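Working notes, beginning with the structure itself.
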Amino acid sequence: MKPKVIVIVGPTASGKTKFSIEIAKKENGEIISADSMQIYKSMDIGTAKVSKEEMQGIKHYMLDVVEPSEKYSVAKYKEEAEKCIEEILAKGKTPIIVGGTGLYIDSIIQGIKYLNIKTDFEYREKLEKEDLQELYEKLKKIDIEAANKISSNDKKRIIRAFEIYKATGKTKTEVEKDSREEVKYDFVIYGVNVDREILYERINKRVDVMIENGLIQEVQELLEKYPKIETAMQGLGYKEVKEYMDGKLTKEEMIDKIKMESRRYAKRQVTWFKRNKKITWLNGDMANEEKKEKS
C-alpha cells in the first residue's frame, strides 16, 4: 500500500494556511510548502509567509530554502520536496503539501520529472519583444495541449514552453510525457474554494496589510543586500514596488496594481487547479460565514 500524502491547494488568500494547520493537528502531520516565492529567504511580507505563531508548533518545510539571488527550478523543488516527504514518513507522520504554485504541485502528484533546462536569456529577450497574443497563437500551433493549460496572458510560461522546444527539440507536452515517473504516494487532494467576491476582498485587504507591515522597506533592503535579484524580484508585489521605487508608478498606482495582479493571479490559480478532477473541493464555509456577518 502506498503511503498517504495530503495535498491542499487553492488560490492566494483562500485560507490554505489556517486549514492546513488544522489538518496537521488532526492527522499528526507536518507541512511542506509548495509556493514558488516562499522558498526565498528574507522575502516574508510580500509572500505572506506563515509566521512562527501561525505555525502553532507544526513543523514546516521548504520555506527560506534559497537566497533571493539564486535561481530555483521546478526540478529542484520536486527533488527536495520528495526528500521532505520521506523524512516526514520516516517519523511516522503524515506529509501535508500546501500551496498555490500549480507547477510545484503537479511535479509531485503527477510524477513529472522536469528537466533542468538552462535559461536562454538571449532567446527569452527576443520573445519578450513579441506581441503576447501572436506568441500564444504560435504556441497553439506547436503545442496545443500546453497552450490549453497556460493562460493566454501568462507570458512567462508561454516563453518557457518555447525555451523547452528550442532546447530539446520536443514540445513541453512531449517532454512531460517522456519524463513521467511512477507515482509513489497515495495523494488525497483538497481544494480550498472561496466565493470570488469574498476572495477578492481578502486579497485587497491582504495587500493593504502588506504595505502597512513594511513591504516597501522589505524591497529596499532586498535590493541593497542582493544586487543581482532578477528572478525573485519578478514576484507579485515585489515587481510593482520596484516600479514605484523607480518612479514609474505613484504609491496609489502601485497598491492598485498589486491588488489587480493578485486578483488575476488568483483567477489563474483556480483555472489551473479546476482541471484536476481528483481534487475534492471544500464548500467555502469560511467565506459563507463572512457573508452572513455582513448581511
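A note on labels: chains of the C-alpha cells are A, B, ... as shown, every chain counts residues from 1, and ligands are counted from 1 in their shown order.
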Could you list, as number ranges by chain, every residue within 7 Å of segment 154-169 of chain A, counting only C-alpha atoms and ignoring same-chain residues fewer than 4 positions away? A: 124, 127, 132, 136, 150
Residues of segment 123-236 of chain A that approach segment 267-274 of chain A to 10 Å or less, counting only C-alpha atoms: could you list each one with the shortest pair of atoms and its distance in Å to one decimal, rows by chain and increasing residue number, as a Markdown table?
```
| residue | atom | partner | partner_atom | distance |
| --- | --- | --- | --- | --- |
| A:Lys149 | CA | A:Trp272 | CA | 7.2 |
| A:Ile150 | CA | A:Trp272 | CA | 8.2 |
| A:Ser151 | CA | A:Arg268 | CA | 7.0 |
| A:Asn153 | CA | A:Arg268 | CA | 9.5 |
| A:Asp154 | CA | A:Arg268 | CA | 8.9 |
| A:Gly191 | CA | A:Phe273 | CA | 7.9 |
| A:Val192 | CA | A:Val270 | CA | 9.7 |
| A:Asn193 | CA | A:Val270 | CA | 8.5 |
| A:Arg196 | CA | A:Lys267 | CA | 8.9 |
| A:Tyr200 | CA | A:Lys267 | CA | 9.8 |
```
Can I get the selected residues back with C-alpha atoms, as a short mmCIF file (atom, residue, chain, number, x, y, z; two decimals), in the first residue's frame?
```
data_model
loop_
_atom_site.label_atom_id
_atom_site.label_comp_id
_atom_site.auth_asym_id
_atom_site.auth_seq_id
_atom_site.Cartn_x
_atom_site.Cartn_y
_atom_site.Cartn_z
CA LYS A 149 -3.13 24.61 -19.96
CA ILE A 150 -1.43 28.01 -19.96
CA SER A 151 -3.34 31.29 -19.64
CA ASN A 153 -1.93 36.26 -20.53
CA ASP A 154 0.85 34.26 -18.87
CA GLY A 191 -9.03 22.42 -2.84
CA VAL A 192 -9.98 25.43 -0.74
CA ASN A 193 -12.81 27.11 -2.60
CA ARG A 196 -14.99 35.13 -5.61
CA TYR A 200 -11.11 39.48 -3.89
#
```
At a cut-off of 9 Å, using only C-alpha atoms, what residues contact Asn204 of chain A? Leave out same-chain residues fewer than 2 positions from it and give the result as a ChimeraX atom specification. /A:199-202,206-209,256,258-260,262-263
Please provide as an MDAnalysis selection string all residues within 10 Å of Glu80 of chain A, with the sequence filter that same-chain residues fewer than 6 positions apart are discarded (counting only C-alpha atoms). chainID A and resid 61:62 65 74
Give me every helix (DSSP H, G or I) residue in segment 3-178 of chain A, going by DSSP on the backbone, as number ranges by chain. A: 16-27, 52-55, 74-90, 102-109, 121-128, 132-142, 144-149, 155-168, 172-178
Leaving out Lys113 of chain A and any residue of its chain fewer than 5 positions from it, which residues lie within 7 Å of it when counting only C-alpha atoms, given as a PyMOL selection string? chain A and resi 75+107+179-181
Name the residues in contact with Lys228 of chain A at a cut-off of 10 Å, using only C-alpha atoms, excluding same-chain residues fewer than 5 positions from it; report them as an NGL selection string. :A and (68-70 or 222-223 or 233)
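Look at Asp178 of chain A: the protein and nucleic acid residues within 12 Å of it, using only C-alpha atoms and passing over chain neighbours fewer than 4 places away, are Gly111, Ile112, Lys113, Tyr114, Leu115, Thr168, Lys170, Thr171, Lys172, Thr173 and Glu174 of chain A.
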Which of segment 103-243 of chain A DSSP labels strand (DSSP E or B), written as a PyMOL selection string: chain A and resi 112+180+186-191
